[in-house]
Amino acid sequence: MTAETSDAAPVTTGAGPLPPEFFTAPEAGATHAANAKLRASGCPVHAINYPPGGDAYVVADYETALKSFSDPRLSKQVDNAPAWFRDLLKDSSPVLIRNMITADPPEHTRLRRLVSRAFVPRRMALLRPRIQEITDELIDAFPESGEVDLMEFAFSLPMRVICEFLGVPIADRPDLHAWGHWLSGAPFADEESNRKLKWASDSVERYLVDLLEERRRSGLGDDLVSILLKAADEEDVFTNDELVSTLVLLIIAGHKTTANLIGNGMQALFAQPDQLELLRARPELAESAVEEFLRFEPPVYRGTLRVATQDMELAGCPIPKEGFVHILMDSANRDPQAFEDPDRLDITRGSNRHLAFGQGAHFCVGAPLSRVEGQVAFPTLLRRLPGLALTVPHDQLEWVFDNSTSRGLKSLPVRYDARLAAHEPEN
Ligand code: HEM
């Protein structure tokens, strides 16, 4: 094995597998440097030792990533994974594997149809005023001037929105957050973490079974839980287990990802103050800015479970049956073959065909919701908090590595000169 390493990030560009630490470079910048080496190495598909013990591969370039998302030989179904992995997941987190993200057609089509109808852009646009209100309420609770951890805001906003949309009590947010933390990393390589995962899986399942019972008793409303419950009970679209698993997916996917969109986007702006000032001066750029944040520092940096159903090749690289394939969206999004000057944050970038929400049949259901949340959050923060700046040097920001496909910050300490009222124009 020829291992080419640097202080910044572990990279193997030879024949041997990348170590699992490839996914845990000390900060996002180092990851991008490592990805660039992979893309430049002549073959965009590399073996990686992750999960440890499995035949696994990363896809680093845009073209192969795009094809892989829709390659019918790559299955999302846990039953196609090696037996040891399948058993580990079924034992530790059964609540996770009965929803659309671990299904292939035709089950995938059935499990997704109803949910995706609820998230269409038209419906999400109607939520915009409420998302603005929640954003303003959260900022109203900041001190008049001083310091806050913006990651607390970043987590609170999507959690409040998804709880309201689903009709889940916001008071239960700390439990949902804690369970989501363990569930989003499933499965782990060590027993202790898998025990915690099992606890989270059992707890969230009990919680949601009770919630559904309560909703059945007290009468259905127009929240998403009620809509899905009605479909399950009257139209026989879902089993109860599938419904619980779908709700778990929506809660996990619905908050941490968007929290990282806000955190990753703000840190990118702090690193490039000209772009921060541009967005402050021209809030109408919020739409293209959000797409650029998604491209530049994607909240979900690699695809979820994909396994080869047969011996196959990807970009000339042989992948054995049951091999895991990790699509690196953070790398594809910076591929110079697909994006001009990809390492530059440009919030005015047009026709931004980034892969941050995936592609094809599993394209993110919640994309229209998180787009609206981002389009509200960034300009509101910049307008209401003049002088917004980091309180620590940018290179001291700490990134979270928690075995999940997300990448975001542990905290984002900021200060500001004043907190303007929600409707007070800045002069
Ligand atoms: C910025 C925020 C978000 C990002 C970056 C993101 C990213 C992704 C990605 C990359 C996938 C595809 C995974 C794959 O094919 O391997 C996905 C799927 C999914 N996302 Fe999101 N997501 C975000 C927000 C949300 C929200 C707010 C929700 C729901 C409330 C949501 C629900 C889902 C669901 C249900 C799927 C599975 C779709 C399927 O398998 O057919 N996501 N997301």
# chains A, B, ... in the order shown; residues from 1 in each chain; ligands from 1
>>> closest_atom_pairs(of="chain A", to="ligand 1", cutoff="8 Å", atoms="only C-alpha atoms and all ligand atoms", output="Markdown table")
| residue | atom | partner | partner_atom_place_in_ligand_line | distance |
| --- | --- | --- | --- | --- |
| A:Phe69 | CA | ligand 1 | 15 (O) | 6.5 |
| A:Asn99 | CA | ligand 1 | 40 (O) | 7.8 |
| A:Met100 | CA | ligand 1 | 40 (O) | 4.6 |
| A:Ile101 | CA | ligand 1 | 40 (O) | 3.4 |
| A:Thr102 | CA | ligand 1 | 40 (O) | 6.8 |
| A:Ala103 | CA | ligand 1 | 40 (O) | 7.3 |
| A:His108 | CA | ligand 1 | 41 (O) | 6.8 |
| A:Thr109 | CA | ligand 1 | 41 (O) | 8.0 |
| A:Arg112 | CA | ligand 1 | 41 (O) | 5.8 |
| A:Val115 | CA | ligand 1 | 35 (C) | 7.6 |
| A:Ser116 | CA | ligand 1 | 35 (C) | 7.9 |
| A:Phe119 | CA | ligand 1 | 29 (C) | 7.9 |
| A:Pro158 | CA | ligand 1 | 27 (C) | 7.3 |
| A:Ile162 | CA | ligand 1 | 30 (C) | 6.2 |
| A:Thr246 | CA | ligand 1 | 35 (C) | 7.4 |
| A:Leu249 | CA | ligand 1 | 35 (C) | 6.0 |
| A:Leu250 | CA | ligand 1 | 29 (C) | 4.7 |
| A:Ile251 | CA | ligand 1 | 30 (C) | 6.4 |
| A:Ile252 | CA | ligand 1 | 28 (C) | 7.9 |
| A:Ala253 | CA | ligand 1 | 31 (C) | 4.5 |
| A:Gly254 | CA | ligand 1 | 30 (C) | 3.6 |
| A:His255 | CA | ligand 1 | 27 (C) | 6.1 |
| A:Lys256 | CA | ligand 1 | 2 (C) | 7.8 |
| A:Thr257 | CA | ligand 1 | 2 (C) | 4.3 |
| A:Thr258 | CA | ligand 1 | 2 (C) | 4.0 |
| A:Ala259 | CA | ligand 1 | 1 (C) | 7.5 |
| A:Asn260 | CA | ligand 1 | 1 (C) | 7.0 |
| A:Leu261 | CA | ligand 1 | 1 (C) | 5.0 |
| A:Leu294 | CA | ligand 1 | 5 (C) | 6.7 |
| A:Pro298 | CA | ligand 1 | 5 (C) | 6.1 |
| A:Pro299 | CA | ligand 1 | 5 (C) | 4.8 |
| A:Val300 | CA | ligand 1 | 5 (C) | 5.0 |
| A:Tyr301 | CA | ligand 1 | 10 (C) | 7.6 |
| A:Arg302 | CA | ligand 1 | 10 (C) | 7.1 |
| A:Gly303 | CA | ligand 1 | 16 (O) | 3.6 |
| A:Thr304 | CA | ligand 1 | 16 (O) | 3.7 |
| A:Leu305 | CA | ligand 1 | 16 (O) | 6.4 |
| A:Arg306 | CA | ligand 1 | 16 (O) | 7.4 |
| A:Ile327 | CA | ligand 1 | 16 (O) | 7.7 |
| A:Met329 | CA | ligand 1 | 10 (C) | 7.8 |
| A:Leu355 | CA | ligand 1 | 10 (C) | 7.2 |
| A:Ala356 | CA | ligand 1 | 5 (C) | 5.2 |
| A:Phe357 | CA | ligand 1 | 10 (C) | 3.9 |
| A:Gly358 | CA | ligand 1 | 10 (C) | 4.1 |
| A:Gln359 | CA | ligand 1 | 15 (O) | 6.6 |
| A:Gly360 | CA | ligand 1 | 15 (O) | 7.8 |
| A:Ala361 | CA | ligand 1 | 41 (O) | 5.8 |
| A:His362 | CA | ligand 1 | 41 (O) | 3.4 |
| A:Phe363 | CA | ligand 1 | 12 (C) | 5.1 |
| A:Cys364 | CA | ligand 1 | 18 (C) | 3.5 |
| A:Val365 | CA | ligand 1 | 33 (C) | 4.5 |
| A:Gly366 | CA | ligand 1 | 28 (C) | 3.4 |
| A:Ala367 | CA | ligand 1 | 24 (C) | 5.4 |
| A:Pro368 | CA | ligand 1 | 27 (C) | 7.8 |
| A:Leu369 | CA | ligand 1 | 27 (C) | 5.5 |
| A:Ser370 | CA | ligand 1 | 27 (C) | 4.8 |
| A:Arg371 | CA | ligand 1 | 1 (C) | 6.9 |
| A:Gly374 | CA | ligand 1 | 1 (C) | 7.9 |
>>> select_by_dssp(residues="region 56-162 of chain A", states="helix (DSSP H, G or I)", output="PyMOL selection string")
chain A and resi 62-69+78-80+83-92+94-96+100-102+107-118+121-140+150-162
>>> write_last_selection(atoms="C-alpha atoms", output="CSV table (one decimal), in the first residue's frame")
chain,number,residue,atom,x,y,z
A,62,TYR,CA,-19.2,14.5,-10.0
A,63,GLU,CA,-19.9,12.4,-13.0
A,64,THR,CA,-19.5,9.0,-11.3
A,65,ALA,CA,-21.4,10.3,-8.2
A,66,LEU,CA,-24.3,11.4,-10.4
A,67,LYS,CA,-24.5,8.0,-12.2
A,68,SER,CA,-24.1,6.1,-8.9
A,69,PHE,CA,-27.2,7.8,-7.4
A,78,VAL,CA,-30.4,-3.5,4.1
A,79,ASP,CA,-31.2,-7.0,3.1
A,80,ASN,CA,-28.6,-6.7,0.3
A,83,ALA,CA,-25.1,-10.6,6.8
A,84,TRP,CA,-22.9,-9.3,9.7
A,85,PHE,CA,-23.8,-5.7,8.9
A,86,ARG,CA,-27.5,-6.4,8.3
A,87,ASP,CA,-27.7,-8.3,11.6
A,88,LEU,CA,-25.9,-5.5,13.4
A,89,LEU,CA,-28.4,-2.9,12.1
A,90,LYS,CA,-31.4,-5.1,12.7
A,91,ASP,CA,-30.3,-5.9,16.3
A,92,SER,CA,-29.3,-2.3,17.2
A,94,PRO,CA,-34.7,-2.0,14.0
A,95,VAL,CA,-36.8,1.2,14.0
A,96,LEU,CA,-34.5,2.7,11.3
A,100,MET,CA,-38.0,4.8,2.2
A,101,ILE,CA,-34.3,5.5,2.7
A,102,THR,CA,-33.5,1.8,3.2
A,107,GLU,CA,-41.5,-0.6,-1.7
A,108,HIS,CA,-39.6,2.7,-2.0
A,109,THR,CA,-42.2,4.1,-4.3
A,110,ARG,CA,-45.0,3.2,-2.0
A,111,LEU,CA,-43.3,4.5,1.2
A,112,ARG,CA,-42.2,7.8,-0.4
A,113,ARG,CA,-45.3,8.8,-2.4
A,114,LEU,CA,-47.4,10.1,0.4
A,115,VAL,CA,-44.6,11.8,2.3
A,116,SER,CA,-43.2,13.6,-0.7
A,117,ARG,CA,-46.6,15.0,-1.6
A,118,ALA,CA,-46.7,16.7,1.8
A,121,PRO,CA,-42.5,23.4,-2.8
A,122,ARG,CA,-46.0,25.0,-3.0
A,123,ARG,CA,-46.9,23.7,0.5
A,124,MET,CA,-43.5,24.7,1.9
A,125,ALA,CA,-43.9,28.3,0.5
A,126,LEU,CA,-47.1,28.6,2.6
A,127,LEU,CA,-45.0,27.8,5.7
A,128,ARG,CA,-42.6,30.7,5.0
A,129,PRO,CA,-44.4,33.3,7.2
A,130,ARG,CA,-44.5,30.8,10.1
A,131,ILE,CA,-40.8,30.0,9.6
A,132,GLN,CA,-40.0,33.7,9.7
A,133,GLU,CA,-42.0,34.1,12.9
A,134,ILE,CA,-40.1,31.2,14.6
A,135,THR,CA,-36.8,32.6,13.4
A,136,ASP,CA,-37.7,36.0,14.8
A,137,GLU,CA,-38.8,34.5,18.1
A,138,LEU,CA,-35.6,32.7,18.5
A,139,ILE,CA,-33.5,35.8,17.8
A,140,ASP,CA,-35.8,37.8,20.2
A,150,LEU,CA,-25.3,30.1,16.8
A,151,MET,CA,-25.4,26.3,16.6
A,152,GLU,CA,-28.1,26.5,19.3
A,153,PHE,CA,-30.2,28.7,17.0
A,154,ALA,CA,-29.3,26.5,14.1
A,155,PHE,CA,-30.7,23.4,15.8
A,156,SER,CA,-33.7,25.1,17.4
A,157,LEU,CA,-35.1,26.5,14.2
A,158,PRO,CA,-35.5,23.3,12.2
A,159,MET,CA,-36.5,21.3,15.2
A,160,ARG,CA,-39.3,23.7,16.0
A,161,VAL,CA,-40.4,23.7,12.4
A,162,ILE,CA,-40.5,20.0,12.0
>>> residues_around(residues="region 335-346 of chain A", least_positions_apart="3", cutoff="7 Å", atoms="only C-alpha atoms", output="PyMOL selection string")
chain A and resi 61-62+292+296+331-332+349
>>> write_last_selection(atoms="all heavy atoms", output="mmCIF file, in the first residue's frame")
data_model
loop_
_atom_site.group_PDB
_atom_site.id
_atom_site.type_symbol
_atom_site.label_atom_id
_atom_site.label_comp_id
_atom_site.auth_asym_id
_atom_site.auth_seq_id
_atom_site.Cartn_x
_atom_site.Cartn_y
_atom_site.Cartn_z
ATOM 1 N N ASP A 61 -15.734 11.844 -7.764
ATOM 2 C CA ASP A 61 -15.954 12.851 -8.813
ATOM 3 C C ASP A 61 -17.450 13.042 -9.099
ATOM 4 O O ASP A 61 -18.282 12.185 -8.759
ATOM 5 C CB ASP A 61 -15.223 12.466 -10.101
ATOM 6 C CG ASP A 61 -15.886 11.274 -10.770
ATOM 7 O OD1 ASP A 61 -16.288 10.340 -10.038
ATOM 8 O OD2 ASP A 61 -16.041 11.276 -12.004
ATOM 9 N N TYR A 62 -17.767 14.141 -9.745
ATOM 10 C CA TYR A 62 -19.166 14.513 -9.981
ATOM 11 C C TYR A 62 -19.865 13.530 -10.904
ATOM 12 O O TYR A 62 -20.955 13.048 -10.609
ATOM 13 C CB TYR A 62 -19.213 15.926 -10.582
ATOM 14 C CG TYR A 62 -20.612 16.485 -10.721
ATOM 15 C CD1 TYR A 62 -21.179 17.235 -9.686
ATOM 16 C CD2 TYR A 62 -21.367 16.276 -11.868
ATOM 17 C CE1 TYR A 62 -22.460 17.744 -9.803
ATOM 18 C CE2 TYR A 62 -22.649 16.783 -11.996
ATOM 19 C CZ TYR A 62 -23.182 17.527 -10.952
ATOM 20 O OH TYR A 62 -24.460 18.033 -11.070
ATOM 21 N N GLU A 292 -25.469 27.825 -2.849
ATOM 22 C CA GLU A 292 -24.002 27.845 -2.813
ATOM 23 C C GLU A 292 -23.470 27.281 -1.490
ATOM 24 O O GLU A 292 -22.472 26.560 -1.470
ATOM 25 C CB GLU A 292 -23.504 29.273 -3.053
ATOM 26 C CG GLU A 292 -21.993 29.437 -3.067
ATOM 27 C CD GLU A 292 -21.267 28.728 -4.233
ATOM 28 O OE1 GLU A 292 -21.861 27.860 -4.897
ATOM 29 O OE2 GLU A 292 -20.078 29.041 -4.447
ATOM 30 N N PHE A 296 -20.937 24.245 -1.293
ATOM 31 C CA PHE A 296 -19.605 24.538 -0.768
ATOM 32 C C PHE A 296 -19.264 23.676 0.449
ATOM 33 O O PHE A 296 -18.169 23.158 0.568
ATOM 34 C CB PHE A 296 -19.565 26.027 -0.396
ATOM 35 C CG PHE A 296 -18.190 26.544 -0.133
ATOM 36 C CD1 PHE A 296 -17.318 26.792 -1.186
ATOM 37 C CD2 PHE A 296 -17.772 26.798 1.164
ATOM 38 C CE1 PHE A 296 -16.042 27.291 -0.937
ATOM 39 C CE2 PHE A 296 -16.501 27.293 1.414
ATOM 40 C CZ PHE A 296 -15.636 27.534 0.359
ATOM 41 N N SER A 331 -17.058 16.056 -2.193
ATOM 42 C CA SER A 331 -16.028 16.044 -3.230
ATOM 43 C C SER A 331 -16.628 16.367 -4.604
ATOM 44 O O SER A 331 -16.108 17.213 -5.339
ATOM 45 C CB SER A 331 -15.355 14.671 -3.255
ATOM 46 O OG SER A 331 -14.318 14.656 -4.187
ATOM 47 N N ALA A 332 -17.747 15.705 -4.922
ATOM 48 C CA ALA A 332 -18.395 15.960 -6.220
ATOM 49 C C ALA A 332 -18.726 17.447 -6.374
ATOM 50 O O ALA A 332 -18.589 18.022 -7.459
ATOM 51 C CB ALA A 332 -19.663 15.121 -6.327
ATOM 52 N N ARG A 349 -23.539 32.473 -7.687
ATOM 53 C CA ARG A 349 -23.316 31.403 -8.674
ATOM 54 C C ARG A 349 -24.647 30.973 -9.305
ATOM 55 O O ARG A 349 -25.607 30.681 -8.608
ATOM 56 C CB ARG A 349 -22.650 30.211 -7.984
ATOM 57 C CG ARG A 349 -22.069 29.179 -8.909
ATOM 58 C CD ARG A 349 -21.459 28.037 -8.092
ATOM 59 N NE ARG A 349 -20.202 28.399 -7.449
ATOM 60 C CZ ARG A 349 -19.000 28.250 -7.998
ATOM 61 N NH1 ARG A 349 -18.893 27.759 -9.211
ATOM 62 N NH2 ARG A 349 -17.915 28.596 -7.333
#
>>> residues_around(residues="Asp190 (chain A)", least_positions_apart="4", cutoff="12 Å", atoms="only C-alpha atoms", output="PyMOL selection string")
chain A and resi 51-52+88+92+185-186+194-197+403
>>> residues_around(residues="region 411-423 of chain A", least_positions_apart="3", cutoff="9 Å", atoms="only C-alpha atoms", output="PDB file with N, CA, C and O atoms, in the first residue's frame")
ATOM      1  N   GLU A 133     -41.616  33.776  11.534  1.00  0.00           N
ATOM      2  CA  GLU A 133     -42.008  34.072  12.925  1.00  0.00           C
ATOM      3  C   GLU A 133     -41.142  33.309  13.917  1.00  0.00           C
ATOM      4  O   GLU A 133     -40.669  33.879  14.904  1.00  0.00           O
ATOM      5  N   ASP A 136     -37.698  34.759  14.083  1.00  0.00           N
ATOM      6  CA  ASP A 136     -37.667  36.013  14.837  1.00  0.00           C
ATOM      7  C   ASP A 136     -37.834  35.769  16.336  1.00  0.00           C
ATOM      8  O   ASP A 136     -37.160  36.409  17.151  1.00  0.00           O
ATOM      9  N   GLU A 137     -38.690  34.832  16.701  1.00  0.00           N
ATOM     10  CA  GLU A 137     -38.849  34.528  18.136  1.00  0.00           C
ATOM     11  C   GLU A 137     -37.540  34.031  18.732  1.00  0.00           C
ATOM     12  O   GLU A 137     -37.165  34.422  19.836  1.00  0.00           O
ATOM     13  N   ILE A 139     -34.514  34.693  17.722  1.00  0.00           N
ATOM     14  CA  ILE A 139     -33.546  35.802  17.810  1.00  0.00           C
ATOM     15  C   ILE A 139     -33.974  36.779  18.912  1.00  0.00           C
ATOM     16  O   ILE A 139     -33.132  37.337  19.615  1.00  0.00           O
ATOM     17  N   ASP A 140     -35.292  36.950  19.092  1.00  0.00           N
ATOM     18  CA  ASP A 140     -35.773  37.811  20.181  1.00  0.00           C
ATOM     19  C   ASP A 140     -35.242  37.341  21.536  1.00  0.00           C
ATOM     20  O   ASP A 140     -35.109  38.138  22.469  1.00  0.00           O
ATOM     21  N   PHE A 142     -32.291  36.165  22.114  1.00  0.00           N
ATOM     22  CA  PHE A 142     -30.852  36.438  22.260  1.00  0.00           C
ATOM     23  C   PHE A 142     -30.683  37.643  23.191  1.00  0.00           C
ATOM     24  O   PHE A 142     -31.568  38.515  23.253  1.00  0.00           O
ATOM     25  N   PRO A 143     -29.516  37.787  23.866  1.00  0.00           N
ATOM     26  CA  PRO A 143     -29.268  39.032  24.601  1.00  0.00           C
ATOM     27  C   PRO A 143     -29.231  40.227  23.631  1.00  0.00           C
ATOM     28  O   PRO A 143     -28.985  40.036  22.434  1.00  0.00           O
ATOM     29  N   GLU A 144     -29.463  41.444  24.200  1.00  0.00           N
ATOM     30  CA  GLU A 144     -29.526  42.640  23.334  1.00  0.00           C
ATOM     31  C   GLU A 144     -28.231  42.866  22.564  1.00  0.00           C
ATOM     32  O   GLU A 144     -28.223  43.332  21.437  1.00  0.00           O
ATOM     33  N   SER A 145     -27.126  42.553  23.221  1.00  0.00           N
ATOM     34  CA  SER A 145     -25.847  42.528  22.507  1.00  0.00           C
ATOM     35  C   SER A 145     -24.997  41.526  23.256  1.00  0.00           C
ATOM     36  O   SER A 145     -25.328  41.152  24.373  1.00  0.00           O
ATOM     37  N   GLY A 146     -23.934  41.075  22.636  1.00  0.00           N
ATOM     38  CA  GLY A 146     -23.085  40.122  23.358  1.00  0.00           C
ATOM     39  C   GLY A 146     -22.763  38.916  22.516  1.00  0.00           C
ATOM     40  O   GLY A 146     -22.559  39.035  21.313  1.00  0.00           O
ATOM     41  N   GLU A 147     -22.732  37.750  23.198  1.00  0.00           N
ATOM     42  CA  GLU A 147     -22.260  36.550  22.517  1.00  0.00           C
ATOM     43  C   GLU A 147     -23.281  35.427  22.617  1.00  0.00           C
ATOM     44  O   GLU A 147     -23.929  35.274  23.648  1.00  0.00           O
ATOM     45  N   VAL A 148     -23.418  34.660  21.564  1.00  0.00           N
ATOM     46  CA  VAL A 148     -24.265  33.461  21.595  1.00  0.00           C
ATOM     47  C   VAL A 148     -23.570  32.354  20.797  1.00  0.00           C
ATOM     48  O   VAL A 148     -22.654  32.626  20.021  1.00  0.00           O
ATOM     49  N   ASP A 149     -24.064  31.133  21.007  1.00  0.00           N
ATOM     50  CA  ASP A 149     -23.616  30.014  20.179  1.00  0.00           C
ATOM     51  C   ASP A 149     -24.657  29.839  19.079  1.00  0.00           C
ATOM     52  O   ASP A 149     -25.778  29.401  19.337  1.00  0.00           O
ATOM     53  N   LEU A 150     -24.277  30.201  17.860  1.00  0.00           N
ATOM     54  CA  LEU A 150     -25.266  30.146  16.762  1.00  0.00           C
ATOM     55  C   LEU A 150     -25.739  28.726  16.450  1.00  0.00           C
ATOM     56  O   LEU A 150     -26.781  28.545  15.826  1.00  0.00           O
ATOM     57  N   MET A 151     -24.976  27.696  16.888  1.00  0.00           N
ATOM     58  CA  MET A 151     -25.441  26.330  16.628  1.00  0.00           C
ATOM     59  C   MET A 151     -26.704  26.032  17.445  1.00  0.00           C
ATOM     60  O   MET A 151     -27.503  25.199  17.044  1.00  0.00           O
ATOM     61  N   GLU A 152     -26.867  26.711  18.578  1.00  0.00           N
ATOM     62  CA  GLU A 152     -28.114  26.489  19.340  1.00  0.00           C
ATOM     63  C   GLU A 152     -29.306  26.990  18.531  1.00  0.00           C
ATOM     64  O   GLU A 152     -30.337  26.337  18.431  1.00  0.00           O
ATOM     65  N   GLY A 263     -25.257  26.325  10.114  1.00  0.00           N
ATOM     66  CA  GLY A 263     -23.917  26.435  10.718  1.00  0.00           C
ATOM     67  C   GLY A 263     -22.820  26.468   9.661  1.00  0.00           C
ATOM     68  O   GLY A 263     -21.938  27.342   9.684  1.00  0.00           O
ATOM     69  N   MET A 266     -22.976  29.755   7.678  1.00  0.00           N
ATOM     70  CA  MET A 266     -22.491  30.939   8.399  1.00  0.00           C
ATOM     71  C   MET A 266     -20.976  30.910   8.526  1.00  0.00           C
ATOM     72  O   MET A 266     -20.316  31.930   8.345  1.00  0.00           O
ATOM     73  N   GLN A 267     -20.402  29.733   8.831  1.00  0.00           N
ATOM     74  CA  GLN A 267     -18.929  29.706   8.965  1.00  0.00           C
ATOM     75  C   GLN A 267     -18.268  30.030   7.624  1.00  0.00           C
ATOM     76  O   GLN A 267     -17.226  30.653   7.589  1.00  0.00           O
ATOM     77  N   THR A 380     -32.158  36.949   7.791  1.00  0.00           N
ATOM     78  CA  THR A 380     -32.693  37.476   9.056  1.00  0.00           C
ATOM     79  C   THR A 380     -31.568  37.650  10.073  1.00  0.00           C
ATOM     80  O   THR A 380     -31.487  38.682  10.759  1.00  0.00           O
ATOM     81  N   ARG A 383     -29.523  40.684   9.019  1.00  0.00           N
ATOM     82  CA  ARG A 383     -30.221  41.968   9.159  1.00  0.00           C
ATOM     83  C   ARG A 383     -30.387  42.359  10.626  1.00  0.00           C
ATOM     84  O   ARG A 383     -30.145  43.508  11.001  1.00  0.00           O
ATOM     85  N   ARG A 384     -30.725  41.369  11.463  1.00  0.00           N
ATOM     86  CA  ARG A 384     -31.067  41.715  12.846  1.00  0.00           C
ATOM     87  C   ARG A 384     -29.854  41.808  13.770  1.00  0.00           C
ATOM     88  O   ARG A 384     -29.967  42.327  14.885  1.00  0.00           O
ATOM     89  N   LEU A 385     -28.716  41.277  13.331  1.00  0.00           N
ATOM     90  CA  LEU A 385     -27.537  41.262  14.209  1.00  0.00           C
ATOM     91  C   LEU A 385     -26.369  41.985  13.545  1.00  0.00           C
ATOM     92  O   LEU A 385     -25.417  41.353  13.056  1.00  0.00           O
ATOM     93  N   PRO A 386     -26.409  43.331  13.502  1.00  0.00           N
ATOM     94  CA  PRO A 386     -25.288  44.053  12.880  1.00  0.00           C
ATOM     95  C   PRO A 386     -23.986  43.758  13.638  1.00  0.00           C
ATOM     96  O   PRO A 386     -24.003  43.574  14.851  1.00  0.00           O
ATOM     97  N   GLY A 387     -22.905  43.699  12.896  1.00  0.00           N
ATOM     98  CA  GLY A 387     -21.595  43.439  13.516  1.00  0.00           C
ATOM     99  C   GLY A 387     -21.370  41.970  13.817  1.00  0.00           C
ATOM    100  O   GLY A 387     -20.421  41.619  14.533  1.00  0.00           O
ATOM    101  N   LEU A 388     -22.244  41.096  13.286  1.00  0.00           N
ATOM    102  CA  LEU A 388     -22.117  39.657  13.551  1.00  0.00           C
ATOM    103  C   LEU A 388     -20.723  39.160  13.130  1.00  0.00           C
ATOM    104  O   LEU A 388     -20.316  39.356  11.987  1.00  0.00           O
ATOM    105  N   ALA A 389     -20.005  38.541  14.095  1.00  0.00           N
ATOM    106  CA  ALA A 389     -18.641  38.059  13.787  1.00  0.00           C
ATOM    107  C   ALA A 389     -18.300  36.902  14.714  1.00  0.00           C
ATOM    108  O   ALA A 389     -18.880  36.762  15.795  1.00  0.00           O
ATOM    109  N   LEU A 390     -17.347  36.096  14.296  1.00  0.00           N
ATOM    110  CA  LEU A 390     -16.872  34.993  15.141  1.00  0.00           C
ATOM    111  C   LEU A 390     -16.131  35.546  16.360  1.00  0.00           C
ATOM    112  O   LEU A 390     -15.448  36.568  16.249  1.00  0.00           O
ATOM    113  N   THR A 391     -16.205  34.825  17.480  1.00  0.00           N
ATOM    114  CA  THR A 391     -15.404  35.252  18.640  1.00  0.00           C
ATOM    115  C   THR A 391     -14.110  34.444  18.742  1.00  0.00           C
ATOM    116  O   THR A 391     -13.314  34.672  19.633  1.00  0.00           O
ATOM    117  N   VAL A 392     -13.955  33.453  17.863  1.00  0.00           N
ATOM    118  CA  VAL A 392     -12.709  32.662  17.871  1.00  0.00           C
ATOM    119  C   VAL A 392     -12.142  32.687  16.453  1.00  0.00           C
ATOM    120  O   VAL A 392     -12.899  32.909  15.497  1.00  0.00           O
ATOM    121  N   LEU A 397     -12.542  26.588  14.947  1.00  0.00           N
ATOM    122  CA  LEU A 397     -13.890  26.001  15.009  1.00  0.00           C
ATOM    123  C   LEU A 397     -13.762  24.477  15.013  1.00  0.00           C
ATOM    124  O   LEU A 397     -12.935  23.916  14.283  1.00  0.00           O
ATOM    125  N   GLU A 398     -14.572  23.826  15.843  1.00  0.00           N
ATOM    126  CA  GLU A 398     -14.484  22.357  15.947  1.00  0.00           C
ATOM    127  C   GLU A 398     -15.610  21.688  15.189  1.00  0.00           C
ATOM    128  O   GLU A 398     -16.781  22.072  15.342  1.00  0.00           O
ATOM    129  N   TRP A 399     -15.254  20.669  14.419  1.00  0.00           N
ATOM    130  CA  TRP A 399     -16.243  19.931  13.624  1.00  0.00           C
ATOM    131  C   TRP A 399     -16.622  18.653  14.337  1.00  0.00           C
ATOM    132  O   TRP A 399     -15.812  18.063  15.042  1.00  0.00           O
ATOM    133  N   GLY A 408     -20.935  18.920  10.510  1.00  0.00           N
ATOM    134  CA  GLY A 408     -21.273  20.259  10.975  1.00  0.00           C
ATOM    135  C   GLY A 408     -20.402  20.630  12.158  1.00  0.00           C
ATOM    136  O   GLY A 408     -19.499  19.882  12.539  1.00  0.00           O
ATOM    137  N   GLU A 426     -32.422  48.441   9.458  1.00  0.00           N
ATOM    138  CA  GLU A 426     -31.060  48.825   9.872  1.00  0.00           C
ATOM    139  C   GLU A 426     -30.706  50.102   9.113  1.00  0.00           C
ATOM    140  O   GLU A 426     -30.984  50.202   7.926  1.00  0.00           O
TER     141      GLU A 426
END
>>> select_by_dssp(residues="region 231-317 of chain A", states="strand (DSSP E)", output="VMD selection string")
chain A and resid 307 to 308 312 to 314 317
>>> atom_distance(atom1="CA of Asn49 (chain A)", atom2="CA of Leu409 (chain A)")
24.7 Å
>>> closest_residue(among="A:Ser404, A:Ser245, A:Thr348, A:Thr309", to="Arg282 (chain A)", atoms="only C-alpha atoms")
A:Thr348
>>> residues_around(residues="Asp55 (chain A)", least_positions_apart="5", cutoff="8 Å", atoms="only C-alpha atoms", output="NGL selection string")
:A and (47-50 or 320 or 322-324)
>>> atom_distance(atom1="CA of Val120 (chain A)", atom2="CA of Asp233 (chain A)")
23.1 Å
>>> residues_around(residues="region 169-181 of chain A", least_positions_apart="3", cutoff="6 Å", atoms="only C-alpha atoms", output="PyMOL selection string")
chain A and resi 163+184+200+252
>>> write_last_selection(atoms="C-alpha atoms", output="PDB file, in the first residue's frame")
ATOM      1  CA  CYS A 163     -42.206  19.381  15.301  1.00  0.00           C
ATOM      2  CA  SER A 184     -28.098   9.060  12.842  1.00  0.00           C
ATOM      3  CA  ALA A 200     -32.479   5.211  21.364  1.00  0.00           C
ATOM      4  CA  ILE A 252     -33.739  12.861  12.244  1.00  0.00           C
TER       5      ILE A 252
END
>>> closest_residue(among="A:Leu382, A:Val400, A:Val376, A:Ala33", to="Leu279 (chain A)", atoms="only C-alpha atoms")
A:Leu382
>>> closest_residue(among="A:Asp311, A:Asp222, A:Asp402, A:Glu192", to="Leu74 (chain A)", atoms="only C-alpha atoms")
A:Asp311
>>> atom_distance(atom1="CA of Val290 (chain A)", atom2="CA of Leu381 (chain A)")
13.6 Å
>>> closest_residue(among="A:Ile347, A:Cys43, A:Val59, A:Ala141", to="Asp274 (chain A)", atoms="only C-alpha atoms")
A:Ile347
